[in-house]
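Participant: This is the structure I have questions about; it appears just below.
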Amino acid sequence: MHRDLRWDNFACSPSSPSSPSRWFLLDLETCAAADQRPPPAFEPAGWQPRTTLVNGRYTRASDLFQLGRAVQPHCEQVVDSAAGKAFLEAILTPPAMQERSAEQLLDHEWLQCEGKDNCRAAGAWPGER
C-alpha cells in the first residue's frame with residue numbers, strides 16, 4: 001500500500017512522438033503491507049480523520065479512497081460521461097463502506113477500451129488497459 005496518495009506524489013513524464021505521457025507515483029518510503037496499523041504519529045497530510053483508516057488500519061480500500069481524493073479535483077472538470085462519474089464516485093467511497101476491490105474497479109466500464117486505437121489514444125501501451 002502506498003499510504004500517502006495525494007497529488008504532490010504523482011509525476012507525469014512528457015509525451016514524445018513515439019511515446020505517450022506516463023504517470024508515476026513518488027515517495028514510496030511510506031509503503032507498507034495492507035491492513036497494518038500505522039506507527040504512532042504517522043498521519044500524512046491527505047488522510048481524512050475518522051475516514052481513511054478502517055478500525056485503526058490502513059486497508060486496500062484506504063488507498064482507493066485516497067486515490068479518489070487525489071484525482072477528483074483534477075478530473076471532475078473533464079470527466080463528463082455517466083460511466084466516468086460513476087467510477088470517480090466508486091473510488092471515493094469511504095474505505096469502511098467500499099465493497100469493490102481494486103481488481104473489480106479495473107474492470108469498470110469507464111476503464112475499458114474498445115479497440116487498440118482507443119487505448120493508445122488514452123496513453124496505454126500494448127497489453128495495458
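Identifiers in this document derive from the order of the C-alpha cells: chains are assigned A, B, ..., residues are numbered from 1 separately in each chain, and ligands are numbered from 1 in order of occurrence.
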Just list as JSON, numbers by chain whatever in chain A DSSP marks as alpha helix (DSSP H).
Facilitator: {"A": [60, 61, 62, 63, 64, 65, 66, 67, 68, 69, 70, 71, 72, 73, 74, 75, 82, 83, 84, 85, 86, 87, 88, 89, 90, 91, 102, 103, 104, 105, 106, 116, 117, 118, 119, 120, 121]}
Participant: As an mmCIF file with all heavy atoms, in the first residue's frame, please: the residues near Tyr58 in chain A (cut-off 8 Å, only C-alpha atoms, same-chain neighbours under 5 positions excluded).
Facilitator:
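Output file part.cif is given in full below:
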```cif
data_model
loop_
_atom_site.group_PDB
_atom_site.id
_atom_site.type_symbol
_atom_site.label_atom_id
_atom_site.label_comp_id
_atom_site.auth_asym_id
_atom_site.auth_seq_id
_atom_site.Cartn_x
_atom_site.Cartn_y
_atom_site.Cartn_z
ATOM 1 N N ARG A 3 -0.036 4.458 0.954
ATOM 2 C CA ARG A 3 -0.385 5.145 2.206
ATOM 3 C C ARG A 3 -0.233 6.658 2.168
ATOM 4 O O ARG A 3 -0.588 7.314 3.137
ATOM 5 C CB ARG A 3 0.398 4.588 3.407
ATOM 6 C CG ARG A 3 0.126 3.127 3.656
ATOM 7 C CD ARG A 3 0.658 2.645 4.963
ATOM 8 N NE ARG A 3 2.001 3.099 5.265
ATOM 9 C CZ ARG A 3 2.570 2.976 6.456
ATOM 10 N NH1 ARG A 3 1.932 2.386 7.438
ATOM 11 N NH2 ARG A 3 3.800 3.399 6.656
ATOM 12 N N ALA A 34 -0.733 -4.156 3.432
ATOM 13 C CA ALA A 34 -2.123 -3.766 3.697
ATOM 14 C C ALA A 34 -2.567 -4.211 5.080
ATOM 15 O O ALA A 34 -2.022 -5.150 5.661
ATOM 16 C CB ALA A 34 -3.033 -4.380 2.641
ATOM 17 N N ASP A 35 -3.566 -3.534 5.568
ATOM 18 C CA ASP A 35 -4.233 -3.887 6.827
ATOM 19 C C ASP A 35 -3.332 -3.780 8.050
ATOM 20 O O ASP A 35 -3.488 -4.525 9.016
ATOM 21 C CB ASP A 35 -4.865 -5.281 6.733
ATOM 22 C CG ASP A 35 -5.850 -5.371 5.574
ATOM 23 O OD1 ASP A 35 -6.582 -4.393 5.339
ATOM 24 O OD2 ASP A 35 -5.877 -6.411 4.899
ATOM 25 N N GLN A 36 -2.399 -2.857 7.995
ATOM 26 C CA GLN A 36 -1.496 -2.619 9.126
ATOM 27 C C GLN A 36 -1.912 -1.355 9.871
ATOM 28 O O GLN A 36 -2.421 -0.413 9.286
ATOM 29 C CB GLN A 36 -0.058 -2.441 8.623
ATOM 30 C CG GLN A 36 0.480 -3.611 7.858
ATOM 31 C CD GLN A 36 0.610 -4.838 8.737
ATOM 32 O OE1 GLN A 36 1.133 -4.782 9.832
ATOM 33 N NE2 GLN A 36 0.116 -5.969 8.246
ATOM 34 N N ARG A 37 -1.637 -1.345 11.142
ATOM 35 C CA ARG A 37 -1.817 -0.108 11.916
ATOM 36 C C ARG A 37 -0.620 0.784 11.628
ATOM 37 O O ARG A 37 0.522 0.317 11.652
ATOM 38 C CB ARG A 37 -1.870 -0.406 13.411
ATOM 39 C CG ARG A 37 -3.117 -1.139 13.822
ATOM 40 C CD ARG A 37 -3.216 -1.253 15.350
ATOM 41 N NE ARG A 37 -4.373 -2.023 15.722
ATOM 42 C CZ ARG A 37 -5.609 -1.528 15.786
ATOM 43 N NH1 ARG A 37 -5.812 -0.275 15.506
ATOM 44 N NH2 ARG A 37 -6.618 -2.295 16.132
ATOM 45 N N PRO A 38 -0.861 2.056 11.341
ATOM 46 C CA PRO A 38 0.278 2.947 11.109
ATOM 47 C C PRO A 38 1.026 3.209 12.418
ATOM 48 O O PRO A 38 0.449 3.094 13.503
ATOM 49 C CB PRO A 38 -0.369 4.221 10.578
ATOM 50 C CG PRO A 38 -1.784 4.166 11.022
ATOM 51 C CD PRO A 38 -2.142 2.715 11.181
ATOM 52 N N THR A 52 -10.110 7.654 6.642
ATOM 53 C CA THR A 52 -9.077 6.926 5.895
ATOM 54 C C THR A 52 -8.790 5.562 6.504
ATOM 55 O O THR A 52 -8.693 4.570 5.781
ATOM 56 C CB THR A 52 -7.788 7.762 5.796
ATOM 57 O OG1 THR A 52 -8.083 8.979 5.099
ATOM 58 C CG2 THR A 52 -6.694 7.014 5.059
ATOM 59 N N LEU A 53 -8.656 5.482 7.805
ATOM 60 C CA LEU A 53 -8.369 4.200 8.462
ATOM 61 C C LEU A 53 -9.662 3.432 8.719
ATOM 62 O O LEU A 53 -10.710 4.024 8.974
ATOM 63 C CB LEU A 53 -7.632 4.421 9.778
ATOM 64 C CG LEU A 53 -6.278 5.126 9.685
ATOM 65 C CD1 LEU A 53 -5.661 5.268 11.067
ATOM 66 C CD2 LEU A 53 -5.337 4.404 8.735
ATOM 67 N N ASP A 63 -6.366 3.043 0.284
ATOM 68 C CA ASP A 63 -5.592 3.518 -0.866
ATOM 69 C C ASP A 63 -6.523 3.950 -2.001
ATOM 70 O O ASP A 63 -6.293 4.978 -2.646
ATOM 71 C CB ASP A 63 -4.638 2.434 -1.363
ATOM 72 C CG ASP A 63 -3.156 2.789 -1.186
ATOM 73 O OD1 ASP A 63 -2.829 3.737 -0.452
ATOM 74 O OD2 ASP A 63 -2.316 2.095 -1.795
#
```
Participant: In Å, rounded to a single decimal, give me how far CA of Leu105 in chain A is from CA of Phe42 in chain A.
Facilitator: 28.1 Å
Participant: Would you kindly return, as an MDAnalysis selection string, each protein, DNA or RNA residue with an atom no farther than 10 Å from any atom of Lys85 in chain A, considering only C-alpha atoms and excluding same-chain residues fewer than 4 positions away?
Facilitator: chainID A and resid 72 75:76 79:81 89:90 110
Participant: For Arg50 in chain A, which of A:Ala82, A:Ala96, A:Leu111, A:Cys12 is the closest residue, counting only C-alpha atoms?
Facilitator: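 The answer is A:Ala96, which sits nearest to Arg50 in chain A.
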Participant: Could you name the residues that touch Glu109 in chain A at 9 Å or less, counting only C-alpha atoms, but leaving out those on the same chain fewer than 4 positions away, as number ranges by chain?
Facilitator: A: 83-84, 87, 105, 113
Participant: Give me every strand (DSSP E) residue in chain A, going by DSSP on the backbone, as a list in words.
Facilitator: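 Checking each residue of chain A, the strand (DSSP E) ones are Phe10, Ala11, Cys12, Ser13, Arg22, Trp23, Phe24 and Leu25 of chain A.
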Participant: Go ahead and write the residues just picked, all heavy atoms, as a short mmCIF file (atom, residue, chain, number, x, y, z; two decimals), in the first residue's frame.
Facilitator:
```
data_model
loop_
_atom_site.label_atom_id
_atom_site.label_comp_id
_atom_site.auth_asym_id
_atom_site.auth_seq_id
_atom_site.Cartn_x
_atom_site.Cartn_y
_atom_site.Cartn_z
N PHE A 10 2.32 12.44 -7.31
CA PHE A 10 2.17 11.98 -8.68
C PHE A 10 3.14 12.75 -9.55
O PHE A 10 3.39 13.93 -9.33
CB PHE A 10 0.76 12.24 -9.21
CG PHE A 10 -0.29 11.34 -8.63
CD1 PHE A 10 -0.83 11.59 -7.38
CD2 PHE A 10 -0.77 10.27 -9.35
CE1 PHE A 10 -1.81 10.78 -6.85
CE2 PHE A 10 -1.75 9.45 -8.84
CZ PHE A 10 -2.27 9.70 -7.59
N ALA A 11 3.70 12.09 -10.57
CA ALA A 11 4.55 12.76 -11.55
C ALA A 11 4.15 12.27 -12.93
O ALA A 11 3.70 11.13 -13.09
CB ALA A 11 6.02 12.45 -11.29
N CYS A 12 4.32 13.13 -13.92
CA CYS A 12 3.97 12.79 -15.29
C CYS A 12 5.18 13.03 -16.17
O CYS A 12 5.78 14.12 -16.14
CB CYS A 12 2.79 13.63 -15.76
SG CYS A 12 2.23 13.22 -17.42
N SER A 13 5.55 12.02 -16.95
CA SER A 13 6.63 12.21 -17.92
C SER A 13 6.02 12.82 -19.17
O SER A 13 4.89 12.49 -19.53
CB SER A 13 7.31 10.88 -18.24
OG SER A 13 6.42 10.05 -18.95
N ARG A 22 3.27 9.38 -19.34
CA ARG A 22 3.12 8.29 -18.38
C ARG A 22 3.05 8.89 -16.98
O ARG A 22 3.79 9.82 -16.66
CB ARG A 22 4.32 7.33 -18.45
CG ARG A 22 4.61 6.76 -19.83
CD ARG A 22 3.57 5.83 -20.30
NE ARG A 22 3.63 4.63 -19.48
CZ ARG A 22 2.86 3.59 -19.65
NH1 ARG A 22 1.98 3.57 -20.58
NH2 ARG A 22 2.97 2.56 -18.86
N TRP A 23 2.18 8.36 -16.14
CA TRP A 23 2.03 8.83 -14.77
C TRP A 23 2.74 7.86 -13.83
O TRP A 23 2.72 6.65 -14.04
CB TRP A 23 0.56 8.93 -14.40
CG TRP A 23 -0.09 10.10 -15.07
CD1 TRP A 23 -0.72 10.11 -16.28
CD2 TRP A 23 -0.14 11.43 -14.57
NE1 TRP A 23 -1.15 11.37 -16.56
CE2 TRP A 23 -0.83 12.20 -15.53
CE3 TRP A 23 0.34 12.05 -13.41
CZ2 TRP A 23 -1.05 13.56 -15.35
CZ3 TRP A 23 0.10 13.40 -13.24
CH2 TRP A 23 -0.59 14.14 -14.19
N PHE A 24 3.35 8.41 -12.78
CA PHE A 24 4.10 7.63 -11.79
C PHE A 24 3.73 8.09 -10.38
O PHE A 24 3.39 9.25 -10.17
CB PHE A 24 5.61 7.84 -11.97
CG PHE A 24 6.11 7.46 -13.33
CD1 PHE A 24 6.18 8.41 -14.34
CD2 PHE A 24 6.52 6.17 -13.60
CE1 PHE A 24 6.64 8.07 -15.60
CE2 PHE A 24 6.98 5.82 -14.85
CZ PHE A 24 7.04 6.77 -15.86
N LEU A 25 3.86 7.17 -9.43
CA LEU A 25 3.73 7.52 -8.02
C LEU A 25 5.12 7.72 -7.43
O LEU A 25 6.04 6.95 -7.71
CB LEU A 25 3.02 6.41 -7.24
CG LEU A 25 1.52 6.35 -7.39
CD1 LEU A 25 0.97 5.12 -6.70
CD2 LEU A 25 0.87 7.60 -6.85
#
```
Participant: For the atom pair CA of Pro94 in chain A and CA of Leu64 in chain A, what is the interatomic distance in Å to one decimal place?
Facilitator: 9.0 Å
Participant: For the atom pair CA of Leu5 in chain A and CA of Asp107 in chain A, what is the interatomic distance in Å to one decimal place?
Facilitator: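 According to the coordinates, CA of Leu5 in chain A and CA of Asp107 in chain A are separated by 21.3 Å.
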Participant: Give the answer as one residue: which of A:Gly68, A:Pro49, A:Pro14, A:Pro44 has the shortest atom-to-atom distance to Asp27 in chain A, using only C-alpha atoms?
Facilitator: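 Ranking A:Gly68, A:Pro49, A:Pro14, A:Pro44 by distance to Asp27 in chain A, first place goes to A:Pro44.
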Participant: Show me, as a list in words, the residues that have an atom within 9 Å of Val71 in chain A when counting only C-alpha atoms, minus same-chain residues fewer than 5 positions from it.
Facilitator: Arg6, Trp7, Gln66, Glu76 and Leu88 of chain A
Participant: Got time to write the residues from that selection, C-alpha atoms, as an mmCIF file, in the first residue's frame?
Facilitator:
```cif
data_model
loop_
_atom_site.group_PDB
_atom_site.id
_atom_site.type_symbol
_atom_site.label_atom_id
_atom_site.label_comp_id
_atom_site.auth_asym_id
_atom_site.auth_seq_id
_atom_site.Cartn_x
_atom_site.Cartn_y
_atom_site.Cartn_z
ATOM 1 C CA ARG A 6 -2.024 12.775 -2.821
ATOM 2 C CA TRP A 7 -1.476 14.942 -5.878
ATOM 3 C CA GLN A 66 -7.013 8.404 -1.137
ATOM 4 C CA GLU A 76 -14.166 16.328 -12.229
ATOM 5 C CA LEU A 88 -14.943 8.536 -9.558
#
```
Participant: Ranking A:Ala33, A:Ala102, A:Ala70, A:Val78 by minimum distance to Asp8 in chain A and counting only C-alpha atoms, which one comes first?
Facilitator: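 Among the listed residues, the smallest separation from Asp8 in chain A belongs to A:Ala70.
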